[in-house]
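Below is one structure, written out as structure tokens, with a few remarks after it.
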Amino acid sequence: MAAAAARSGFRRMFSISAFAPPKPPAPRPQADPSPNLFVSGLSKRTTTEGLRDAFAKFGEVMHARVVTDRVTGFSKGFGFVRYATTEEAAKGIEGMDGKFLDGWVIFAEFAKPKPPPREAEMNSQPPQSWGPPSNSWCSQ
């Protein structure tokens, strides 16, 4: 009897039905259309001029920047492009999303605005886990 119970427990432990399948990842929220684009998947050799030239085919590029490493000067793999209008930005996404630039597939999407810093977190100090508690007999 004990062997049968152990066997059924063993089967239950290694059966597929005992484990819940992982939940599919939630889709990333889409940013509101704006003339600003976020470009990811850039090669380490991609320059700001190369990014500007690639996106200039789809409209007037007001500003382009590849974010670079301070030490090496190489691309960190992402950058930003700003068009004159939202319509040109939409054409830039349509024309460059999933395309090759400097041998790498890049992804272009509308840029999300940077969230403002939270004042409460900036001014508060983290709790200290060392030292005696503040209301102990030592702090009289």
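Chains: A, B, ... in order of the structure tokens. Residues: from 1 per chain. Ligands: from 1, in order shown.
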### strand (DSSP E or B) residues, from DSSP on the backbone, in stretch 22-124 of chain A, as a ChimeraX atom specification
/A:36-40,61-68,75-83,100-101,104-105,107-110
### Task
Could you give me, as a ChimeraX atom specification, the residues within 9 Å of A:Met62, counting only C-alpha atoms and dropping anything in the same chain fewer than 6 positions from it?
/A:81-84
Hey, can you spit out that residue selection with all heavy atoms as a compact mmCIF listing (two decimals), in the first residue's frame?
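As a result, result.txt now contains:
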# COMPACT_ATOMS: atom_id res chain seq x y z
N VAL A 81 15.53 59.43 -32.57
CA VAL A 81 15.39 60.23 -33.79
C VAL A 81 14.17 61.11 -33.60
O VAL A 81 13.12 60.65 -33.15
CB VAL A 81 15.19 59.32 -35.03
CG1 VAL A 81 14.95 60.15 -36.27
CG2 VAL A 81 16.39 58.41 -35.22
N ARG A 82 14.30 62.41 -33.94
CA ARG A 82 13.17 63.32 -33.86
C ARG A 82 12.89 63.86 -35.26
O ARG A 82 13.78 64.42 -35.92
CB ARG A 82 13.46 64.49 -32.92
CG ARG A 82 12.28 65.46 -32.84
CD ARG A 82 12.53 66.64 -31.93
NE ARG A 82 12.83 66.15 -30.60
CZ ARG A 82 13.75 66.70 -29.80
NH1 ARG A 82 14.45 67.73 -30.21
NH2 ARG A 82 13.96 66.21 -28.60
N TYR A 83 11.64 63.69 -35.70
CA TYR A 83 11.20 64.20 -36.99
C TYR A 83 10.49 65.54 -36.80
O TYR A 83 10.14 65.92 -35.68
CB TYR A 83 10.22 63.22 -37.64
CG TYR A 83 10.89 62.05 -38.33
CD1 TYR A 83 10.98 60.81 -37.71
CD2 TYR A 83 11.42 62.18 -39.60
CE1 TYR A 83 11.58 59.74 -38.34
CE2 TYR A 83 12.02 61.12 -40.25
CZ TYR A 83 12.10 59.90 -39.61
OH TYR A 83 12.70 58.85 -40.24
N ALA A 84 10.23 66.21 -37.89
CA ALA A 84 9.53 67.49 -37.85
C ALA A 84 8.05 67.29 -37.53
O ALA A 84 7.46 68.09 -36.82
CB ALA A 84 9.69 68.23 -39.18
### Task
Mind checking which residues fall within 6 Å of stretch 41-54 of chain A, counting only C-alpha atoms, ignoring those fewer than 2 positions away in the same chain, and posting them as a list in words?
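Here the qualifying residues turn out to be Ala56, Ala64, Arg65, Val66, Phe74, Ser75, Gly77, Phe78, Trp104 and Ile106 of chain A.
Minimum distance to A:Asp32 across A:Gly73, A:Gly103, A:Gly98, A:Pro113 (counting only C-alpha atoms) occurs at A:Pro113.
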### Query
Skipping near chain neighbours, those fewer than 3 positions away, what residues fall within 12 Å of A:Pro29 using only C-alpha atoms, listed as a PyMOL selection string?
chain A and resi 25-26+32+109-112
